[in-house]
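K.L.:
What follows is target_20.cif, mmCIF, C-alpha atoms (C1' of nucleotides).
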```
data_model
loop_
_atom_site.label_atom_id
_atom_site.label_comp_id
_atom_site.auth_asym_id
_atom_site.auth_seq_id
_atom_site.Cartn_x
_atom_site.Cartn_y
_atom_site.Cartn_z
CA MET A 1 0.00 0.00 0.00
CA LYS A 2 1.35 3.34 -0.93
CA LEU A 3 0.33 6.84 -1.70
CA THR A 4 0.91 7.92 -5.28
CA SER A 5 2.69 11.12 -6.05
CA LYS A 6 -0.34 12.52 -7.82
CA GLY A 7 -2.11 12.81 -4.51
CA ARG A 8 0.94 14.18 -2.77
CA TYR A 9 1.57 16.74 -5.48
CA ALA A 10 -2.04 17.87 -5.45
CA VAL A 11 -1.87 18.59 -1.75
CA MET A 12 1.51 20.26 -1.98
CA ALA A 13 0.36 22.46 -4.82
CA LEU A 14 -2.82 23.48 -3.05
CA VAL A 15 -0.99 24.38 0.12
CA ASP A 16 1.34 26.50 -1.97
CA LEU A 17 -1.59 28.07 -3.75
CA ALA A 18 -3.40 28.81 -0.51
CA ARG A 19 -0.41 30.67 0.80
CA PHE A 20 -0.06 32.96 -2.19
CA ASP A 21 -3.49 33.58 -3.63
CA ASN A 22 -4.44 36.46 -1.35
CA ILE A 23 -3.50 39.07 -3.89
CA ASN A 24 -3.23 37.60 -7.35
CA PRO A 25 -3.93 34.36 -9.13
CA VAL A 26 -1.03 31.99 -8.82
CA SER A 27 0.45 30.60 -12.00
CA LEU A 28 1.33 26.94 -12.27
CA ARG A 29 4.76 28.05 -13.36
CA ASP A 30 5.40 29.58 -9.95
CA ILE A 31 4.08 26.55 -8.11
CA SER A 32 6.19 24.36 -10.32
CA LEU A 33 9.32 26.29 -9.44
CA ARG A 34 8.60 26.56 -5.73
CA GLN A 35 7.54 22.97 -5.21
CA GLY A 36 9.75 21.28 -7.75
CA ILE A 37 6.90 19.65 -9.66
CA SER A 38 6.88 19.38 -13.43
CA LEU A 39 4.69 22.04 -15.03
CA ASP A 40 3.15 19.61 -17.48
CA TYR A 41 2.22 17.29 -14.69
CA LEU A 42 0.75 20.11 -12.64
CA GLU A 43 -1.49 21.02 -15.53
CA GLN A 44 -2.99 17.56 -15.52
CA ILE A 45 -3.56 17.74 -11.82
CA PHE A 46 -5.13 21.20 -11.87
CA SER A 47 -7.38 20.23 -14.70
CA LYS A 48 -8.92 17.69 -12.36
CA LEU A 49 -9.00 20.05 -9.40
CA LYS A 50 -10.86 22.52 -11.54
CA LYS A 51 -13.42 19.98 -12.71
CA ASN A 52 -14.08 19.25 -9.06
CA GLU A 53 -14.52 22.93 -8.31
CA ILE A 54 -11.69 23.10 -5.85
CA VAL A 55 -9.91 25.80 -7.84
CA LYS A 56 -10.88 28.37 -10.46
CA SER A 57 -8.76 29.29 -13.42
CA ILE A 58 -8.10 32.75 -14.79
CA ARG A 59 -6.71 32.76 -18.29
CA GLY A 60 -4.46 35.20 -20.02
CA THR A 61 -1.52 37.23 -18.87
CA GLN A 62 -1.26 37.53 -15.12
CA GLY A 63 -3.70 34.67 -14.96
CA GLY A 64 -3.41 31.55 -12.89
CA TYR A 65 -5.42 29.64 -10.37
CA VAL A 66 -7.22 30.63 -7.19
CA LEU A 67 -8.98 28.58 -4.58
CA ASN A 68 -12.68 28.19 -5.18
CA LYS A 69 -13.54 27.58 -1.54
CA ASN A 70 -12.42 28.50 1.90
CA PRO A 71 -9.36 26.45 2.91
CA ASN A 72 -11.36 25.27 5.85
CA ASP A 73 -13.90 23.70 3.53
CA ILE A 74 -11.40 21.85 1.37
CA LYS A 75 -10.94 18.48 2.99
CA LEU A 76 -8.26 16.06 1.95
CA THR A 77 -11.03 13.71 0.89
CA ASN A 78 -12.10 16.22 -1.73
CA ILE A 79 -8.59 16.62 -3.04
CA PHE A 80 -7.89 12.92 -3.28
CA ASN A 81 -11.19 12.19 -4.93
CA ALA A 82 -10.49 14.91 -7.45
CA VAL A 83 -7.20 13.42 -8.60
CA ASP A 84 -8.43 9.83 -8.45
CA GLU A 85 -6.34 8.97 -5.45
CA LYS A 86 -8.70 6.49 -3.95
CA VAL A 87 -8.33 4.34 -0.92
CA LYS A 88 -9.05 1.01 -2.46
CA THR A 89 -8.95 -2.00 -0.24
CA VAL A 90 -11.92 -4.24 -0.90
CA GLN A 91 -11.67 -5.94 -4.26
CA CYS A 92 -14.85 -7.91 -3.83
CA LYS A 93 -18.10 -6.46 -5.09
CA LYS A 94 -19.89 -4.83 -2.25
CA GLU A 95 -23.42 -5.46 -3.37
CA SER A 96 -22.93 -8.90 -4.78
CA LYS A 97 -25.29 -11.34 -3.17
CA LYS A 98 -22.99 -14.22 -3.86
CA GLY A 99 -20.24 -12.77 -1.70
CA CYS A 100 -16.64 -12.66 -2.79
CA ASN A 101 -14.75 -15.18 -4.88
CA GLY A 102 -18.03 -16.36 -6.35
CA LYS A 103 -18.70 -18.31 -3.20
CA ALA A 104 -21.69 -18.20 -0.93
CA THR A 105 -19.87 -16.37 1.85
CA LYS A 106 -17.99 -13.17 2.13
CA CYS A 107 -14.28 -13.70 1.85
CA VAL A 108 -12.88 -14.11 5.32
CA THR A 109 -11.27 -10.72 5.36
CA HIS A 110 -14.02 -8.70 3.77
CA ASN A 111 -15.03 -6.83 6.89
CA LEU A 112 -11.45 -6.05 7.73
CA TRP A 113 -10.83 -4.07 4.56
CA ASP A 114 -14.10 -2.32 4.97
CA GLU A 115 -13.06 -1.20 8.41
CA LEU A 116 -9.68 -0.09 7.20
CA GLU A 117 -11.20 1.99 4.45
CA VAL A 118 -13.40 3.75 6.95
CA HIS A 119 -10.45 4.29 9.26
CA ILE A 120 -8.38 5.99 6.59
CA ASN A 121 -11.19 8.00 5.11
CA THR A 122 -12.03 9.35 8.50
CA PHE A 123 -8.54 10.73 8.71
CA PHE A 124 -8.90 12.44 5.35
CA GLU A 125 -12.31 13.83 6.14
CA ASN A 126 -11.07 15.46 9.29
CA LYS A 127 -8.15 17.24 7.69
CA SER A 128 -8.65 20.44 5.79
CA LEU A 129 -6.29 22.58 3.81
CA LYS A 130 -6.46 25.10 6.60
CA ASP A 131 -5.09 22.56 9.07
CA LEU A 132 -2.09 22.12 6.83
CA LEU A 133 -1.49 25.83 6.54
CA ASN A 134 -1.40 26.23 10.29
CA ASN A 135 0.65 23.14 10.75
CA ASN A 136 3.18 24.30 8.23
CA LYS A 137 3.81 27.57 9.99
CA GLU A 138 4.78 25.80 13.13
CA THR A 139 7.12 23.35 11.58
CA ARG A 140 9.45 25.32 9.40
CA VAL A 141 13.00 24.14 9.79
CA MET B 1 -3.37 4.49 -2.56
CA LYS B 2 -4.33 0.90 -2.63
CA LEU B 3 -3.69 -2.35 -0.95
CA THR B 4 -1.93 -4.94 -3.07
CA SER B 5 -3.26 -8.41 -3.38
CA LYS B 6 -0.18 -9.91 -1.82
CA GLY B 7 -1.14 -8.43 1.52
CA ARG B 8 -4.76 -9.41 1.13
CA TYR B 9 -3.88 -12.94 0.14
CA ALA B 10 -1.51 -13.32 3.05
CA VAL B 11 -4.22 -12.41 5.52
CA MET B 12 -6.84 -14.56 3.81
CA ALA B 13 -4.50 -17.52 3.79
CA LEU B 14 -3.56 -17.13 7.43
CA VAL B 15 -7.17 -16.89 8.53
CA ASP B 16 -7.83 -20.07 6.59
CA LEU B 17 -4.81 -21.73 8.13
CA ALA B 18 -5.80 -20.69 11.63
CA ARG B 19 -9.19 -22.27 11.22
CA PHE B 20 -7.87 -25.64 10.12
CA ASP B 21 -4.56 -26.24 11.83
CA ASN B 22 -5.93 -27.65 15.07
CA ILE B 23 -5.41 -31.19 14.02
CA ASN B 24 -3.01 -31.43 11.11
CA PRO B 25 -0.71 -29.20 9.13
CA VAL B 26 -2.58 -27.46 6.35
CA SER B 27 -1.27 -27.84 2.81
CA LEU B 28 -1.05 -24.89 0.51
CA ARG B 29 -3.00 -26.92 -1.98
CA ASP B 30 -6.01 -26.90 0.32
CA ILE B 31 -5.74 -23.21 1.03
CA SER B 32 -5.40 -22.57 -2.66
CA LEU B 33 -8.60 -24.46 -3.38
CA ARG B 34 -10.60 -22.99 -0.54
CA GLN B 35 -9.53 -19.39 -1.04
CA GLY B 36 -9.12 -19.36 -4.79
CA ILE B 37 -5.50 -18.23 -4.72
CA SER B 38 -2.91 -19.60 -7.15
CA LEU B 39 -0.76 -22.28 -5.53
CA ASP B 40 2.46 -20.90 -6.98
CA TYR B 41 1.70 -17.48 -5.67
CA LEU B 42 0.85 -18.84 -2.25
CA GLU B 43 4.24 -20.51 -2.12
CA GLN B 44 5.96 -17.18 -2.57
CA ILE B 45 3.86 -15.67 0.15
CA PHE B 46 4.37 -18.49 2.63
CA SER B 47 8.08 -18.49 2.01
CA LYS B 48 8.10 -14.96 3.39
CA LEU B 49 5.76 -15.76 6.25
CA LYS B 50 8.09 -18.56 7.24
CA LYS B 51 11.17 -16.36 7.18
CA ASN B 52 9.34 -14.04 9.51
CA GLU B 53 8.49 -16.89 11.84
CA ILE B 54 4.78 -16.46 11.51
CA VAL B 55 4.32 -20.03 10.26
CA LYS B 56 6.28 -23.25 10.42
CA SER B 57 6.57 -25.72 7.56
CA ILE B 58 6.38 -29.47 7.77
CA ARG B 59 7.71 -31.23 4.73
CA GLY B 60 6.78 -34.50 3.19
CA THR B 61 3.50 -36.29 2.70
CA GLN B 62 0.78 -35.04 4.99
CA GLY B 63 2.94 -32.00 5.55
CA GLY B 64 1.92 -28.41 5.28
CA TYR B 65 2.06 -25.29 7.36
CA VAL B 66 1.07 -24.49 10.91
CA LEU B 67 0.97 -21.24 12.82
CA ASN B 68 4.13 -20.53 14.75
CA LYS B 69 2.43 -18.28 17.28
CA ASN B 70 -0.84 -17.82 19.03
CA PRO B 71 -3.36 -16.10 16.72
CA ASN B 72 -3.66 -13.44 19.35
CA ASP B 73 0.01 -12.60 18.96
CA ILE B 74 -0.02 -12.32 15.20
CA LYS B 75 -0.82 -8.72 14.43
CA LEU B 76 -1.62 -7.47 10.97
CA THR B 77 1.52 -5.37 11.19
CA ASN B 78 3.57 -8.54 11.38
CA ILE B 79 1.85 -10.05 8.38
CA PHE B 80 2.17 -7.00 6.20
CA ASN B 81 5.78 -6.49 7.10
CA ALA B 82 6.47 -10.10 6.25
CA VAL B 83 5.12 -9.83 2.72
CA ASP B 84 6.57 -6.38 2.11
CA GLU B 85 3.21 -4.70 2.18
CA LYS B 86 4.35 -1.43 3.61
CA VAL B 87 2.44 1.70 4.27
CA LYS B 88 4.59 4.14 2.41
CA THR B 89 3.53 7.73 2.37
CA VAL B 90 6.51 9.95 2.94
CA GLN B 91 8.84 9.98 -0.02
CA CYS B 92 11.23 12.48 1.48
CA LYS B 93 14.16 11.19 3.49
CA LYS B 94 13.28 11.30 7.12
CA GLU B 95 16.71 12.00 8.49
CA SER B 96 17.87 14.36 5.81
CA LYS B 97 18.97 17.62 7.35
CA LYS B 98 18.25 19.49 4.18
CA GLY B 99 14.59 18.64 4.32
CA CYS B 100 12.65 17.46 1.30
CA ASN B 101 13.14 18.49 -2.31
CA GLY B 102 16.68 19.50 -1.55
CA LYS B 103 15.40 22.69 0.01
CA ALA B 104 16.05 24.05 3.44
CA THR B 105 12.57 23.30 4.72
CA LYS B 106 10.48 20.23 5.02
CA CYS B 107 8.07 19.92 2.16
CA VAL B 108 4.82 21.53 3.16
CA THR B 109 3.03 18.25 3.58
CA HIS B 110 5.73 16.26 5.30
CA ASN B 111 4.06 16.15 8.68
CA LEU B 112 0.76 15.17 7.15
CA TRP B 113 2.07 11.94 5.65
CA ASP B 114 3.87 11.15 8.83
CA GLU B 115 0.62 11.44 10.73
CA LEU B 116 -1.23 9.34 8.21
CA GLU B 117 1.35 6.59 8.43
CA VAL B 118 0.95 6.48 12.18
CA HIS B 119 -2.80 6.48 11.85
CA ILE B 120 -2.83 3.46 9.57
CA ASN B 121 -0.18 1.54 11.41
CA THR B 122 -2.08 1.95 14.61
CA PHE B 123 -4.98 0.19 12.99
CA PHE B 124 -2.80 -2.70 11.93
CA GLU B 125 -1.11 -3.00 15.28
CA ASN B 126 -4.40 -3.31 17.06
CA LYS B 127 -5.76 -6.10 14.89
CA SER B 128 -4.69 -9.66 15.44
CA LEU B 129 -5.47 -12.82 13.57
CA LYS B 130 -7.67 -13.82 16.44
CA ASP B 131 -9.84 -10.76 15.95
CA LEU B 132 -10.44 -11.84 12.39
CA LEU B 133 -11.37 -15.36 13.39
CA ASN B 134 -13.99 -14.13 15.80
CA ASN B 135 -15.24 -11.56 13.40
CA ASN B 136 -15.61 -14.10 10.68
CA LYS B 137 -17.79 -16.38 12.74
CA GLU B 138 -20.27 -13.61 13.27
CA THR B 139 -20.52 -12.54 9.71
CA ARG B 140 -21.12 -15.64 7.67
CA VAL B 141 -23.73 -15.00 5.05
"C1'" DA C 1 -0.27 41.57 -31.88
"C1'" DC C 2 2.09 39.21 -28.61
"C1'" DA C 3 3.41 37.19 -24.45
"C1'" DT C 4 1.61 34.76 -20.74
"C1'" DA C 5 -0.82 31.20 -19.01
"C1'" DC C 6 -4.38 27.86 -19.25
"C1'" DC C 7 -6.03 23.57 -21.91
"C1'" DT C 8 -6.09 19.04 -24.18
"C1'" DG C 9 -4.75 14.78 -25.64
"C1'" DA C 10 -1.42 11.70 -27.38
"C1'" DC C 11 2.46 9.32 -26.14
"C1'" DC C 12 6.04 6.81 -23.49
"C1'" DA C 13 9.68 4.53 -20.32
"C1'" DA C 14 10.22 2.38 -16.09
"C1'" DA C 15 8.58 0.08 -12.18
"C1'" DA C 16 5.33 -2.58 -9.74
"C1'" DT C 17 1.99 -6.16 -9.79
"C1'" DG C 18 0.37 -10.56 -10.01
"C1'" DG C 19 1.31 -14.00 -11.36
"C1'" DT C 20 3.45 -18.75 -14.19
"C1'" DC C 21 6.95 -22.27 -15.00
"C1'" DA C 22 10.57 -25.40 -14.14
"C1'" DA C 23 13.34 -27.98 -11.42
"C1'" DG C 24 14.45 -29.28 -7.56
"C1'" DT C 25 14.50 -31.43 -2.06
"C1'" DT C 26 12.39 -33.67 1.80
"C1'" DT C 27 9.78 -37.06 4.11
"C1'" DA C 28 5.72 -40.24 5.32
"C1'" DG C 29 3.93 -44.25 4.33
"C1'" DA C 30 3.03 -48.47 1.42
"C1'" DT D 1 13.01 -48.81 -0.92
"C1'" DC D 2 10.07 -46.46 -3.84
"C1'" DT D 3 6.90 -42.96 -4.64
"C1'" DA D 4 3.77 -39.36 -4.18
"C1'" DA D 5 2.72 -35.39 -1.51
"C1'" DA D 6 4.25 -31.22 -0.22
"C1'" DC D 7 7.63 -27.72 0.57
"C1'" DT D 8 11.60 -24.75 -1.83
"C1'" DT D 9 13.86 -21.82 -4.95
"C1'" DG D 10 14.56 -18.89 -8.55
"C1'" DA D 11 13.88 -17.45 -13.16
"C1'" DC D 12 10.71 -15.48 -16.08
"C1'" DC D 13 6.85 -12.72 -17.99
"C1'" DA D 14 2.57 -10.08 -19.46
"C1'" DT D 15 -0.16 -6.40 -17.98
"C1'" DT D 16 -1.13 -2.32 -15.56
"C1'" DT D 17 0.06 1.70 -13.17
"C1'" DT D 18 2.90 5.50 -12.48
"C1'" DG D 19 4.93 9.54 -13.41
"C1'" DG D 20 5.71 11.84 -16.31
"C1'" DT D 21 6.97 14.41 -21.56
"C1'" DC D 22 5.65 16.55 -25.90
"C1'" DA D 23 3.11 19.03 -29.09
"C1'" DG D 24 0.07 21.36 -30.08
"C1'" DG D 25 -3.65 24.30 -29.22
"C1'" DT D 26 -7.01 28.57 -26.94
"C1'" DA D 27 -8.00 32.65 -24.19
"C1'" DT D 28 -6.88 37.27 -22.61
"C1'" DG D 29 -4.54 41.38 -20.50
"C1'" DT D 30 -1.57 45.02 -22.08
#
```
Could you rewrite the structure in this file as structure tokens?

P.N.:
Amino acid sequence: MKLTSKGRYAVMALVDLARFDNINPVSLRDISLRQGISLDYLEQIFSKLKKNEIVKSIRGTQGGYVLNKNPNDIKLTNIFNAVDEKVKTVQCKKESKKGCNGKATKCVTHNLWDELEVHINTFFENKSLKDLLNNNKETRV
Amino acid sequence: MKLTSKGRYAVMALVDLARFDNINPVSLRDISLRQGISLDYLEQIFSKLKKNEIVKSIRGTQGGYVLNKNPNDIKLTNIFNAVDEKVKTVQCKKESKKGCNGKATKCVTHNLWDELEVHINTFFENKSLKDLLNNNKETRV
DNA sequence: ACATACCTGACCAAAATGGTCAAGTTTAGA
DNA sequence: TCTAAACTTGACCATTTTGGTCAGGTATGT
């Protein structure tokens, strides 16, 4: 089990954005330079963030992206969903009447993965972008 | 983020084993048939479980595997470690003095992934094989 | 008009995943 | 002692995912 860099980058970029969008839109180029993430890759990520209404885009010179919501209302869940970073544990069909593995019972570990999914998602639902902003201030090296 | 099937299979196989090893060693062939996991793949997995002293092997006819510990003492952490199913969230070097990305500060989300790792590992440390056995009895379809 | 910045989609190399295959060794039991 | 069951080891491999790059656009402020 691992976290993919798409999810990590999305969060990093949004934290960066949140810290600089008070005055002007923030260009991906700036985020790219500050965070060390490829510009082309960032564009893919922000395309998804935009579709999910987490950010707004402003085209043209001096354009860029701005947050579309209050940092307090942007939960990690939202971000991860937007970039398809899903917590995927249960492979068996949830609604299937036959249970997993085509047998008459649930596979012996079915409930476990269900629980784990809930456990992790709870963590993501309770963390907002704002939490990260505060946290970051405290922990500069 | 997703769980790989190696980790899932390991847990499924051990639950199966724990339910049948009262009398005789359990052959991988039986586990393979009951759980629908490829025999060859199971062998790879059990080789690792054995190295980590979670199971013992008994060779020869009527041989098989048995648990090497009390189900209550086999935590999910142990199983996942054994089969290299790691929770890997932080990509940045933990001890690096320079921080992440070669910059002078930790990357803005460093602490977040650290927290998440702890959160998930706590879940795994608190679940033993025995918990799964009990749980399974209750939830047959 | 032109530079800046978003936008879109095709493409790709490398690694991880989820196995298979082959060729053993060991041991219980007939 | 022979043999079949079962563990053991390691090479191999196809597919998918990951983590991007590249090549074009389009929109818009100045």

K.L.:
Select, from A:His119, A:Arg59, A:Lys2, A:Lys75, the residue with the minimum atom-to-atom distance to chain D, counting only C-alpha atoms (C1' of nucleotides).

P.N.:
A:Arg59

K.L.:
Return as an mmCIF file with C-alpha atoms (C1' of nucleotides), in the coordinates of the input the residues belonging to chain D that are within 10 Å of chain B, counting only C-alpha atoms (C1' of nucleotides).

P.N.:
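Dumped to result.cif:
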```cif
data_model
loop_
_atom_site.group_PDB
_atom_site.id
_atom_site.type_symbol
_atom_site.label_atom_id
_atom_site.label_comp_id
_atom_site.auth_asym_id
_atom_site.auth_seq_id
_atom_site.Cartn_x
_atom_site.Cartn_y
_atom_site.Cartn_z
ATOM 1 C "C1'" DA D 4 3.770 -39.360 -4.180
ATOM 2 C "C1'" DA D 5 2.720 -35.390 -1.510
ATOM 3 C "C1'" DA D 6 4.250 -31.220 -0.220
ATOM 4 C "C1'" DC D 7 7.630 -27.720 0.570
ATOM 5 C "C1'" DT D 8 11.600 -24.750 -1.830
ATOM 6 C "C1'" DT D 9 13.860 -21.820 -4.950
#
```

K.L.:
Could you expand the PyMOL selection byres ((chain A and resi 5) around 10) into the explicit residues it covers here, written as an mmCIF file with C-alpha atoms (C1' of nucleotides), in the coordinates of the input?

P.N.:
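Now in out01.cif:
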```cif
data_model
loop_
_atom_site.group_PDB
_atom_site.id
_atom_site.type_symbol
_atom_site.label_atom_id
_atom_site.label_comp_id
_atom_site.auth_asym_id
_atom_site.auth_seq_id
_atom_site.Cartn_x
_atom_site.Cartn_y
_atom_site.Cartn_z
ATOM 1 C CA LYS A 2 1.350 3.340 -0.930
ATOM 2 C CA LEU A 3 0.330 6.840 -1.700
ATOM 3 C CA THR A 4 0.910 7.920 -5.280
ATOM 4 C CA LYS A 6 -0.340 12.520 -7.820
ATOM 5 C CA GLY A 7 -2.110 12.810 -4.510
ATOM 6 C CA ARG A 8 0.940 14.180 -2.770
ATOM 7 C CA TYR A 9 1.570 16.740 -5.480
ATOM 8 C CA ALA A 10 -2.040 17.870 -5.450
ATOM 9 C CA VAL A 11 -1.870 18.590 -1.750
ATOM 10 C CA GLU A 85 -6.340 8.970 -5.450
ATOM 11 C CA MET B 1 -3.370 4.490 -2.560
ATOM 12 C CA THR B 89 3.530 7.730 2.370
ATOM 13 C CA VAL B 90 6.510 9.950 2.940
ATOM 14 C CA GLN B 91 8.840 9.980 -0.020
ATOM 15 C "C1'" DT D 18 2.900 5.500 -12.480
ATOM 16 C "C1'" DG D 19 4.930 9.540 -13.410
#
```

K.L.:
Interatomic distance between atom CA of Thr109 of chain A and atom C1' of DT15 of chain D?

P.N.:
26.2 Å

K.L.:
Atom C1' of DG24 of chain C and atom C1' of DA11 of chain D are how many Å apart?

P.N.:
13.1 Å

K.L.:
Using the chain letters and numbers from the file, which residues does the PyMOL selection byres ((chain C and resi 17-20) around 10) grab, as JSON, numbers by chain?

P.N.:
{"B": [4, 5, 6, 38, 40, 41], "C": [15, 16, 21, 22], "D": [12, 13, 14, 15, 16, 17]}

K.L.:
List the residues matched by the PyMOL selection byres ((chain C) within 6 of (chain B)) in the displayed structure as a list in words, ordered by chain and then by residue number.

P.N.:
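In the shown coordinates, the PyMOL selection byres ((chain C) within 6 of (chain B)) covers DT26, DT27 and DA28 of chain C.
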
K.L.:
Go through C:DC7, C:DC12, C:DA23, C:DC2 and flag the residue nearest DG20 of chain D, using only C-alpha atoms (C1' of nucleotides) for the distances.

P.N.:
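Looking only at the distances to DG20 of chain D, the closest residue turns out to be C:DC12.
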